[in-house]
Structure formats: structure tokens, C-alpha cells
Amino acid sequence: MNVEQVKQWMQLFSAEIEKNKDYLSQLDTDIGDGDHGNNMARGVKAVEAGLAKDQPTDLAQTFKSIAMSLISKVGGASGPLYGTAFLEMAKAAKDDENDLPALLQAAAAGVAKRGGAKVGDKTMVDVWLPAAADAKQGQLNDAVIDKLVAATKPLRALKGRASYLGERSIGHLDPGAVSTGMLLKTLLQATK
Amino acid sequence: MNVEQVKQWMQLFSAEIEKNKDYLSQLDTDIGDGDHGNNMARGVKAVEAGLAKDQPTDLAQTFKSIAMSLISKVGGASGPLYGTAFLEMAKAAKDDENDLPALLQAAAAGVAKRGGAKVGDKTMVDVWLPAAADAKQGQLNDAVIDKLVAATKPLRALKGRASYLGERSIGHLDPGAVSTGMLLKTLLQATK
Amino acid sequence: MAANTQTGMVLVSHVPEIVAGITKLIRQVAPDVALTTAGGTSDGDIGTDATHILQAIDANPATDLMVFYDLGSAKMNLDLVTDMTDKPLHRYDVAFVEGAYTCAALLQAGDSRAEIEKQLAPLKIK
Amino acid sequence: MAANTQTGMVLVSHVPEIVAGITKLIRQVAPDVALTTAGGTSDGDIGTDATHILQAIDANPATDLMVFYDLGSAKMNLDLVTDMTDKPLHRYDVAFVEGAYTCAALLQAGDSRAEIEKQLAPLKIK
Ligand SMILES: Nc1ncnc2c1ncn2[C@@H]1O[C@H](COP(=O)(O)OP(=O)(O)O)[C@@H](O)[C@H]1O
Ligand SMILES: Nc1ncnc2c1ncn2[C@@H]1O[C@H](COP(=O)(O)OP(=O)(O)O)[C@@H](O)[C@H]1O
Ligand SMILES: [Mg+2]
Ligand SMILES: [Mg+2]
Ligand SMILES: [Mg+2]
Ligand SMILES: [Mg+2]
């Protein structure tokens, strides 16, 4: 992975979020507070502005810039979660790591730690952790990602706002899992 | 007890509260939110205005008028507590009860029930319940009342705002116990 | 998944801003819930009084009310008010913000009072 | 009985009015406590963000901070911020209003953090 690919990734992700903003907010209306699309849209806009301003020249700087934008602008749980993912990739990249599976592994572990969620709790962690494991096996692709996202639907939420709904959270996709699916699919596109 | 005596009682109590407003608020500053004097002053002013407006002709109406004024104007825990005391006396008076010890008994039981406090919890109940029992024995006087009030000082509060302070509530008089002392002493004056 | 609007919520706080703020938090997840509030005394001071609480109860369109409050004097006023209104009042001695948020989210999801009470049980602290 | 002003308090909420209201409630019993707040996002929207929380931490004159919050995203932002500041942050997963009120009353009475933590323990609900 290199700086140009990350920038490409962020452009693709940004476009995807913009396109699906209302959809993500609708998913979040069903089992949350209805702001996930707006939160992410605010986030990716800040990421683009941040990269333009910071002009990072190496991977670590690039990830750090993205992380800081997400942390300060998303304004929901997904802010510190995605922010931590990119902070962890920045840390790994500082140690000269640019292998995609290793970076994803660091990101996924960071997200899981930040939220205290396990796989099966119906959060974005349900996509992050298995996807990172699949990437390590060289088996991450769009179909795998779609399956991980879809698998959140029958679950009962144990973390985040949806967990307040108890049983009522069953039968809905987790909004953060859906946006994580978009993040990973655009990553595959940008690095293929 | 008759209507004229109750009116006399309220005038004496009102004057006593007015005179000790700052003292009561200071006691409440030490182990509460510092408003007990103001709360009571607002309450007794409303009582006087209420009685002038309602022009009650029997004991039950008189107690009811006092209760409603306290309930709607005190604005602190002492509002529902004193309000309940007078509501209970109004109920008892409706059953043609005008014997002072019996009325006090009804009031004290009402206060204890409303606040869920026992004797020893460092609240106004520490004065109400023993004083009502003493009245029944014909042994209620100023010295007895002063002793009951003073006995709240070494206690640790288990109810009300002071209970948040735990051990720190020890060594202070309970403000509601002090105002209850004033209420009972002026009652003795008005009925002697 | 229609909201439960037969059961309403009443919030009682010593401070007007607290119930105004919780209302904002709740409205994000529960736009349709029958919610009324009494923040501060009738005169707008810090404190609670029965008159103000009765107004919030009367103003609530629901028939059955779940009530949340901050501190003890609100609790005593609530108990007093229970004797003064015909509407069934259910008082919860739970964490104020967290309990009210949970209740609102579940009413919006259509849950019954009995179902919601199960979720409120672990939040009891008073 | 001098107030403990070495230990401060930070309140984090999704909604500005909630922390403004709790501050009013607290100031009645704890005029001298070192208290700062972050209500809503930096932009004034409903939500929380690390930048706003950091501002409240920096603005607090105390050296050791006890932190209270409403919902989970505030908690995650707090944990993130813990890595970004030198001030020791102690996060309490307790009932928000009730925990903050208790803490403030005890700091005003001069209690130490260790003593206060004992009183906060029964309020843990998160
Ligand atoms: N504790 C947690 N661990 C992991 N992911 C979480 C956690 N809490 C929330 N999330 C994720 O965040 C998403 C919601 O994000 P968003 O709507 O932006 O934040 P908020 O819930 O604060 O409004 C959820 O769909 C879920 O995937
Ligand atoms: N649960 C209770 N049972 C009996 N008395 C109580 C209770 N809570 C508070 N009190 C009494 O009320 C007094 C405080 O009254 P006040 O200052 O007017 O109300 P607040 O505490 O709401 O500001 C206390 O000193 C105590 O005597
Ligand atoms: Mg959301
Ligand atoms: Mg949100
Ligand atoms: Mg008081
Ligand atoms: Mg008060």
C-alpha cells in the first residue's frame, strides 16, 4: 500500500458514503438515532479537506491525517471507532509496515478494543475482525464482505445504541457494519 | 384545637421562619443545597396569603389550605413533607378529630411515610415522631423539642440530600429538624 | 413497528435545562413517544413542586405514565401527586438520563410497559 | 471543611443543555469545585467528539480529573482522549446525573477521590 492508493481509497469511499448517506441514516433510524449517514458524510468531507491541507508524504502521515479528521468531525460512536482504525494503521506504518493485511489487522484490533465489542455483538467489529483475518489468508473480496455485513441482520445488538432495544434490534442490518463494508470494498478497488 | 388557634400558630411560625431564614439556609448550606430558609419563607408567605384568600371556617379546611400552599410553593423536599403533615391533619379533622396529640400523631406518621425515613436517619422525622409520642403522654414542651432537634447533630444522614455526604454529614444539625422544632414550639405557644 | 403511544413518559427534574436536554436526546430516537416534562418549580426556580408535576401529567396525551426523576424531593412530590391524579403513574427509581433514554427507545420500538420494566431493572440505583 | 480543588470534574454529554443543567444542579451544593463540561459536538450539534472533550479537559484547573458521561459514544471518545492528554482521567461508568451530583457534593465537602469512589460504586450501571 502507498500514499497514492490511500488517497484514491478515500476518494472512492467518500463518493460511496455521499451516495448512500440517506440509506445509512435510515438503517440507523431503525435501531439507533438516525445520524450515521450524516456523521459519515461529515467525516469523509473532513478527510478530503484534511488531506488537501496536510499534504502528507508518507503512509503514517496520511493515516494520521485521516484519523484526526474522523475523530474531530464525525460526532458519533463511529468517529472514535474509525478514528482509532486509522490511528492504529498510522502506528503500524511508522514501523515501516505497508503490507495491507498487516495494516488491516492493526485497524481491526484497534476498533475492537476501542468499542469493547466482540464478533457477534452486531457492530462494525463483525465486519472488521473476520475481514482482516480473511485478508491475511488472501481471501478478502466483495462477496465475502457482503456476507459479513448481511450476517449482522439476525443478531441481537449487545453494544452501541441498538443494544438499548434488546430483542427489537433483531432483523436489522447494523449501520456501522454497512459503512465498514463500503470502506473495505473501496479499499480493494483502490489497491487492486 | 380550633381554627383561630391554627391561624395564630401560622402567624407565629411565619414570624419565626422569617427571623431565622438565613440561619436555616446556612444549616442547609453545610449539608444540603442551602435553600431551606428561602423555601420555608416562600412557604409561610403562601400559607398566610392562602388563608386570607380561602377564609376557611373549620379545622379541616384550614389544614387543607395550609397544605396546598406549602405543596405548591416550598419547592424543596420540605414542601411535600410539611404539605403531607397538614394534609393528614386535614383528613383527621374531617373525622371530627380536634385533639392536638391525635392530630400530631397523624401528621408525624404522614411525614415519616412520605419520606420513607426512620428515626435516626437525621431528618425532620427525628423530631416529628418522638414529639408526637411525647404529646400523647402530655409531655411535649420546649425543652423536649430542643433536645430532639439537637440530637440530629451527631448523626450520619441516611435520607435527603445530606445523605450524599455520607460521613461528612456528621456534626451538623439537620435543617428540616430545626424548622420542625420551630413549627412545634409555635404550636405550643398558640395552643397554651 | 408502530410506537407505543398509549404509554407515555413524564420527566421531572430540579432544573429546566436537564429535562430540555434529555428531551433532545430522546427525540432523536423516539419522535413519536408521548413525552412531557416538569423542570424546576412552577415559578421557574431550581427545585420541584407538585403543581408543576401535575401540569406535566395533565398535558401528557397517554393514559398510562412512566415517570423518571433526578433527586429525592422530586420523588416525594411524585408520590404526593399520585394521590391527586386519576392517571396511573409508575415511578422508576433508576438512573435518570439512562433510564429515560432506554424507556423512550423501547416505547418507540412498540414495547409494552411490562417489557420495558425488565430492561429498566438493572438501572435501579435509588 | 475546605473543598477539594486538586481533583476536578468533567461532564460529557451528547446535548449542551444536559451538562448546562447538571452544572446548575451541582453549583447549588458545590460552588467551589473545579468543573468543566463538553456538551454536544465542537460544532454545537447533538453528539460528542474528542476535540470538544479535550477542550473541557484543558480548561479544567485541577490536576486530576473525574469524568462522567451519558452514552457510549462519549465513553469511546473519552478513552481516545485519555491517550491524547497528560492529565490523569478517571472515567466512571455510573448513573450520569446522580453520579456527578454525588461526586460534586463530596468534593465540596473536601473528600479525596478514593473516598468518593466508594460512594460512586453503587451507582455503576454501564
Ligand atoms: N461499542 C461499540 N463497539 C463497536 N462498534 C460500535 C460500538 N458502538 C457503536 N458501534 C458502531 O457504531 C455504529 C453507529 O455509529 P453512529 O451512528 O455514527 O454513532 P452513534 O451511535 O453515536 O449515533 C453502530 O452501527 C456500530 O456499528
Ligand atoms: N426522605 C426524607 N424523609 C424525611 N425528611 C426529609 C427527607 N428528605 C429530606 N428531608 C428533610 O427536608 C429537609 C431539607 O428541606 P429543603 O432544603 O427545603 O429541601 P431540598 O433538600 O429539596 O432542598 C432536610 O433537612 C430533612 O429534614
Ligand atoms: Mg447514530
Ligand atoms: Mg449519534
Ligand atoms: Mg435544601
Ligand atoms: Mg432544594
# chains A, B, ... in the order shown; residues from 1 in each chain; ligands from 1

call {"tool": "closest_atom_pairs", "arguments": {"of": "segment 6-109 of chain B", "to": "segment 7-31 of chain C", "cutoff": "12 Å", "atoms": "only C-alpha atoms", "output": "JSON lines"}}
result
{"residue": "B:Asp33", "atom": "CA", "partner": "C:His14", "partner_atom": "CA", "distance": 11.7}
{"residue": "B:Gly75", "atom": "CA", "partner": "C:His14", "partner_atom": "CA", "distance": 9.1}
{"residue": "B:Gly76", "atom": "CA", "partner": "C:His14", "partner_atom": "CA", "distance": 9.0}
{"residue": "B:Ala77", "atom": "CA", "partner": "C:His14", "partner_atom": "CA", "distance": 10.9}

call {"tool": "residues_near_ligand", "arguments": {"ligand": "ligand 4", "cutoff": "12 Å", "atoms": "only C-alpha atoms and all ligand atoms", "output": "ChimeraX atom specification"}}
result
/A:25,28-29,31-40,74-79,160-162,175-176 /C:24-29 /D:13-15,40-41,45-49,71-74

call {"tool": "interface_residues", "arguments": {"of": "chain D", "to": "chain B", "cutoff": "12 Å", "atoms": "only C-alpha atoms", "output": "ChimeraX atom specification"}}
result
/D:1-3,24-31,98-112,115-116,118-120,123

call {"tool": "residues_around", "arguments": {"residues": "Ala190 of chain B", "least_positions_apart": "2", "cutoff": "6 Å", "atoms": "only C-alpha atoms", "output": "ChimeraX atom specification"}}
result
/B:5,8-9,187-188,192

call {"tool": "residues_around", "arguments": {"residues": "Asn60 of chain C", "least_positions_apart": "4", "cutoff": "10 Å", "atoms": "only C-alpha atoms", "output": "PDB file with N, CA and C atoms, in the first residue's frame"}}
result
ATOM      1  N   THR C   7     -48.821   4.320  26.317  1.00  0.00           N
ATOM      2  CA  THR C   7     -47.977   4.539  27.484  1.00  0.00           C
ATOM      3  C   THR C   7     -47.104   5.755  27.213  1.00  0.00           C
ATOM      4  N   GLY C   8     -47.122   6.714  28.126  1.00  0.00           N
ATOM      5  CA  GLY C   8     -46.328   7.922  27.947  1.00  0.00           C
ATOM      6  C   GLY C   8     -45.223   8.026  28.969  1.00  0.00           C
ATOM      7  N   MET C   9     -44.440   9.093  28.851  1.00  0.00           N
ATOM      8  CA  MET C   9     -43.338   9.331  29.784  1.00  0.00           C
ATOM      9  C   MET C   9     -43.434  10.736  30.356  1.00  0.00           C
ATOM     10  N   VAL C  10     -43.118  10.840  31.635  1.00  0.00           N
ATOM     11  CA  VAL C  10     -43.009  12.157  32.268  1.00  0.00           C
ATOM     12  C   VAL C  10     -41.628  12.245  32.920  1.00  0.00           C
ATOM     13  N   ALA C  34     -45.142   9.784  23.619  1.00  0.00           N
ATOM     14  CA  ALA C  34     -45.869  10.815  24.376  1.00  0.00           C
ATOM     15  C   ALA C  34     -45.020  11.231  25.572  1.00  0.00           C
ATOM     16  N   LEU C  35     -44.398  12.387  25.467  1.00  0.00           N
ATOM     17  CA  LEU C  35     -43.420  12.823  26.470  1.00  0.00           C
ATOM     18  C   LEU C  35     -43.731  14.231  26.949  1.00  0.00           C
ATOM     19  N   THR C  36     -43.852  14.396  28.267  1.00  0.00           N
ATOM     20  CA  THR C  36     -43.992  15.736  28.836  1.00  0.00           C
ATOM     21  C   THR C  36     -43.030  15.869  30.013  1.00  0.00           C
ATOM     22  N   THR C  37     -42.736  17.105  30.399  1.00  0.00           N
ATOM     23  CA  THR C  37     -41.704  17.311  31.418  1.00  0.00           C
ATOM     24  C   THR C  37     -42.093  18.400  32.418  1.00  0.00           C
ATOM     25  N   LEU C  54     -48.006  18.069  38.238  1.00  0.00           N
ATOM     26  CA  LEU C  54     -49.390  17.788  37.820  1.00  0.00           C
ATOM     27  C   LEU C  54     -49.667  18.338  36.421  1.00  0.00           C
ATOM     28  N   GLN C  55     -49.113  19.504  36.142  1.00  0.00           N
ATOM     29  CA  GLN C  55     -49.280  20.074  34.794  1.00  0.00           C
ATOM     30  C   GLN C  55     -48.712  19.154  33.728  1.00  0.00           C
ATOM     31  N   ALA C  56     -47.521  18.613  33.999  1.00  0.00           N
ATOM     32  CA  ALA C  56     -46.887  17.722  33.021  1.00  0.00           C
ATOM     33  C   ALA C  56     -47.707  16.442  32.850  1.00  0.00           C
ATOM     34  N   ASP C  64     -51.379   5.988  30.468  1.00  0.00           N
ATOM     35  CA  ASP C  64     -50.602   5.275  31.466  1.00  0.00           C
ATOM     36  C   ASP C  64     -49.215   5.921  31.433  1.00  0.00           C
ATOM     37  N   LEU C  65     -48.702   6.341  32.587  1.00  0.00           N
ATOM     38  CA  LEU C  65     -47.476   7.142  32.545  1.00  0.00           C
ATOM     39  C   LEU C  65     -46.299   6.511  33.286  1.00  0.00           C
ATOM     40  N   LYS C  87     -54.725   9.443  36.599  1.00  0.00           N
ATOM     41  CA  LYS C  87     -53.870   8.683  35.673  1.00  0.00           C
ATOM     42  C   LYS C  87     -52.929   7.766  36.439  1.00  0.00           C
TER      43      LYS C  87
END

call {"tool": "closest_residue", "arguments": {"among": "A:Asp134, A:Asp121, A:Asp58, A:Asp146", "to": "ligand 1", "atoms": "only C-alpha atoms and all ligand atoms"}}
result
A:Asp121

call {"tool": "atom_distance", "arguments": {"atom1": "atom CA of Arg91 of chain C", "atom2": "atom CA of Met66 of chain C"}}
result
6.1 Å

call {"tool": "select_by_dssp", "arguments": {"residues": "segment 24-165 of chain B", "states": "alpha helix (DSSP H)", "output": "VMD selection string"}}
result
chain B and resid 24 to 31 36 to 54 59 to 73 78 to 94 100 to 115 125 to 136 142 to 150

call {"tool": "residues_around", "arguments": {"residues": "Ala150 of chain A", "least_positions_apart": "6", "cutoff": "9 Å", "atoms": "only C-alpha atoms", "output": "tab-separated table (two decimals) with all heavy atoms, in the first residue's frame"}}
result
chain	number	residue	atom	x	y	z
A	173	LEU	N	-29.99	-4.62	9.67
A	173	LEU	CA	-28.55	-4.54	9.46
A	173	LEU	C	-27.95	-3.51	10.41
A	173	LEU	O	-28.58	-2.49	10.69
A	173	LEU	CB	-28.26	-4.08	8.02
A	173	LEU	CG	-28.55	-5.08	6.90
A	173	LEU	CD1	-28.39	-4.37	5.54
A	173	LEU	CD2	-27.60	-6.27	6.98
A	174	ASP	N	-26.74	-3.74	10.88
A	174	ASP	CA	-26.06	-2.74	11.70
A	174	ASP	C	-25.47	-1.66	10.79
A	174	ASP	O	-24.69	-1.96	9.88
A	174	ASP	CB	-24.93	-3.38	12.51
A	174	ASP	CG	-24.13	-2.32	13.26
A	174	ASP	OD1	-24.71	-1.66	14.13
A	174	ASP	OD2	-22.94	-2.13	12.93
A	177	ALA	N	-21.69	-1.62	10.42
A	177	ALA	CA	-21.20	-2.77	9.65
A	177	ALA	C	-21.34	-2.47	8.16
A	177	ALA	O	-20.45	-2.78	7.35
A	177	ALA	CB	-21.99	-4.03	10.01
A	178	VAL	N	-22.45	-1.83	7.79
A	178	VAL	CA	-22.67	-1.49	6.38
A	178	VAL	C	-21.63	-0.49	5.89
A	178	VAL	O	-21.04	-0.65	4.82
A	178	VAL	CB	-24.11	-0.96	6.17
A	178	VAL	CG1	-24.30	-0.46	4.74
A	178	VAL	CG2	-25.15	-2.05	6.51

call {"tool": "atom_distance", "arguments": {"atom1": "atom CA of Asp79 of chain C", "atom2": "atom 1 (Mg, counted along the ligand's line) of ligand 6"}}
result
17.3 Å

call {"tool": "residues_around", "arguments": {"residues": "Gly116 of chain B", "least_positions_apart": "3", "cutoff": "10 Å", "atoms": "only C-alpha atoms", "output": "JSON, numbers by chain"}}
result
{"B": [110, 111, 112, 113, 121, 125, 159], "C": [76]}

call {"tool": "atom_distance", "arguments": {"atom1": "atom CA of Thr191 of chain B", "atom2": "atom CA of Ala102 of chain B"}}
result
14.3 Å

call {"tool": "closest_residue", "arguments": {"among": "D:Asp86, D:Asp32, D:Asp93, D:Asp58", "to": "chain C", "atoms": "only C-alpha atoms"}}
result
D:Asp93

call {"tool": "closest_residue", "arguments": {"among": "C:Val33, C:Val97, C:Leu80, C:Ile57", "to": "chain D", "atoms": "only C-alpha atoms"}}
result
C:Val97

call {"tool": "closest_residue", "arguments": {"among": "D:Ala114, D:Ala62, D:Lys126, D:Gln6", "to": "ligand 1", "atoms": "only C-alpha atoms and all ligand atoms"}}
result
D:Lys126

call {"tool": "residues_around", "arguments": {"residues": "Gly43 of chain B", "least_positions_apart": "6", "cutoff": "7 Å", "atoms": "only C-alpha atoms", "output": "JSON, numbers by chain"}}
result
{"B": [69, 70, 73, 74]}

call {"tool": "write_last_selection", "arguments": {"atoms": "N, CA and C atoms", "output": "tab-separated table (two decimals), in the first residue's frame"}}
result
chain	number	residue	atom	x	y	z
B	69	SER	N	-50.86	25.35	50.06
B	69	SER	CA	-49.88	26.43	49.90
B	69	SER	C	-48.46	25.91	50.01
B	70	LEU	N	-48.23	25.06	51.00
B	70	LEU	CA	-46.87	24.53	51.20
B	70	LEU	C	-46.48	23.64	50.02
B	73	LYS	N	-45.72	25.86	46.92
B	73	LYS	CA	-44.77	26.98	46.94
B	73	LYS	C	-43.40	26.71	47.54
B	74	VAL	N	-43.23	25.67	48.34
B	74	VAL	CA	-41.94	25.50	49.01
B	74	VAL	C	-40.81	25.16	48.02

call {"tool": "decode", "arguments": {"residues": "segment 133-147 of chain A", "atoms": "all heavy atoms", "output": "compact mmCIF listing (two decimals), in the first residue's frame"}}
result
# COMPACT_ATOMS: atom_id res chain seq x y z
N ALA A 133 -8.93 -11.10 9.09
CA ALA A 133 -8.43 -12.48 9.07
C ALA A 133 -8.45 -13.04 7.65
O ALA A 133 -7.48 -13.70 7.21
CB ALA A 133 -9.29 -13.35 10.01
N ASP A 134 -9.52 -12.76 6.92
CA ASP A 134 -9.62 -13.22 5.53
C ASP A 134 -8.53 -12.60 4.66
O ASP A 134 -7.98 -13.26 3.77
CB ASP A 134 -11.00 -12.89 4.95
CG ASP A 134 -12.10 -13.78 5.54
OD1 ASP A 134 -11.77 -14.89 6.03
OD2 ASP A 134 -13.27 -13.36 5.53
N ALA A 135 -8.25 -11.31 4.90
CA ALA A 135 -7.22 -10.63 4.11
C ALA A 135 -5.88 -11.31 4.31
O ALA A 135 -5.09 -11.46 3.37
CB ALA A 135 -7.14 -9.15 4.52
N LYS A 136 -5.61 -11.72 5.51
CA LYS A 136 -4.36 -12.39 5.83
C LYS A 136 -4.23 -13.69 5.03
O LYS A 136 -3.14 -14.06 4.58
CB LYS A 136 -4.34 -12.71 7.32
CG LYS A 136 -2.94 -12.81 7.88
CD LYS A 136 -2.98 -12.85 9.40
CE LYS A 136 -1.63 -13.26 9.96
NZ LYS A 136 -1.70 -13.51 11.40
N GLN A 137 -5.37 -14.38 4.84
CA GLN A 137 -5.40 -15.60 4.04
C GLN A 137 -5.48 -15.30 2.56
O GLN A 137 -5.63 -16.22 1.75
CB GLN A 137 -6.64 -16.45 4.39
CG GLN A 137 -6.84 -16.72 5.87
CD GLN A 137 -5.72 -17.58 6.46
OE1 GLN A 137 -5.23 -18.49 5.81
NE2 GLN A 137 -5.28 -17.24 7.67
N GLY A 138 -5.47 -14.02 2.19
CA GLY A 138 -5.60 -13.66 0.77
C GLY A 138 -6.99 -13.94 0.23
O GLY A 138 -7.17 -14.13 -0.97
N GLN A 139 -7.97 -13.94 1.11
CA GLN A 139 -9.31 -14.32 0.68
C GLN A 139 -10.36 -13.25 0.86
O GLN A 139 -11.55 -13.54 0.94
CB GLN A 139 -9.76 -15.58 1.44
CG GLN A 139 -9.06 -16.82 0.94
CD GLN A 139 -9.27 -17.99 1.88
OE1 GLN A 139 -9.90 -17.86 2.92
NE2 GLN A 139 -8.76 -19.15 1.50
N LEU A 140 -9.92 -12.00 0.94
CA LEU A 140 -10.91 -10.93 1.09
C LEU A 140 -11.38 -10.46 -0.29
O LEU A 140 -10.58 -10.07 -1.12
CB LEU A 140 -10.31 -9.75 1.87
CG LEU A 140 -11.34 -8.69 2.27
CD1 LEU A 140 -12.38 -9.26 3.24
CD2 LEU A 140 -10.66 -7.47 2.87
N ASN A 141 -12.69 -10.53 -0.52
CA ASN A 141 -13.27 -10.00 -1.76
C ASN A 141 -14.67 -9.46 -1.48
O ASN A 141 -15.18 -9.58 -0.36
CB ASN A 141 -13.29 -11.09 -2.84
CG ASN A 141 -14.09 -12.30 -2.37
OD1 ASN A 141 -15.19 -12.17 -1.83
ND2 ASN A 141 -13.52 -13.49 -2.57
N ASP A 142 -15.29 -8.86 -2.49
CA ASP A 142 -16.58 -8.20 -2.30
C ASP A 142 -17.65 -9.16 -1.75
O ASP A 142 -18.44 -8.79 -0.88
CB ASP A 142 -17.08 -7.60 -3.62
CG ASP A 142 -16.36 -6.29 -3.93
OD1 ASP A 142 -15.36 -5.98 -3.23
OD2 ASP A 142 -16.81 -5.58 -4.84
N ALA A 143 -17.65 -10.37 -2.26
CA ALA A 143 -18.68 -11.33 -1.84
C ALA A 143 -18.53 -11.65 -0.35
O ALA A 143 -19.52 -11.72 0.39
CB ALA A 143 -18.60 -12.60 -2.67
N VAL A 144 -17.29 -11.85 0.07
CA VAL A 144 -17.03 -12.13 1.49
C VAL A 144 -17.50 -10.96 2.36
O VAL A 144 -18.16 -11.14 3.39
CB VAL A 144 -15.50 -12.38 1.70
CG1 VAL A 144 -15.14 -12.27 3.18
CG2 VAL A 144 -15.12 -13.75 1.14
N ILE A 145 -17.17 -9.76 1.90
CA ILE A 145 -17.55 -8.56 2.68
C ILE A 145 -19.08 -8.47 2.77
O ILE A 145 -19.63 -8.24 3.86
CB ILE A 145 -16.95 -7.29 2.02
CG1 ILE A 145 -15.42 -7.33 2.13
CG2 ILE A 145 -17.51 -6.03 2.67
CD1 ILE A 145 -14.70 -6.30 1.28
N ASP A 146 -19.76 -8.64 1.64
CA ASP A 146 -21.23 -8.57 1.65
C ASP A 146 -21.83 -9.57 2.64
O ASP A 146 -22.81 -9.28 3.32
CB ASP A 146 -21.78 -8.86 0.25
CG ASP A 146 -21.59 -7.66 -0.68
OD1 ASP A 146 -21.43 -6.53 -0.17
OD2 ASP A 146 -21.60 -7.86 -1.92
N LYS A 147 -21.23 -10.74 2.68
CA LYS A 147 -21.74 -11.78 3.56
C LYS A 147 -21.57 -11.39 5.04
O LYS A 147 -22.47 -11.59 5.86
CB LYS A 147 -20.96 -13.08 3.29
CG LYS A 147 -21.86 -14.30 3.24
CD LYS A 147 -21.09 -15.50 2.73
CE LYS A 147 -21.38 -16.73 3.56
NZ LYS A 147 -20.57 -17.88 3.10
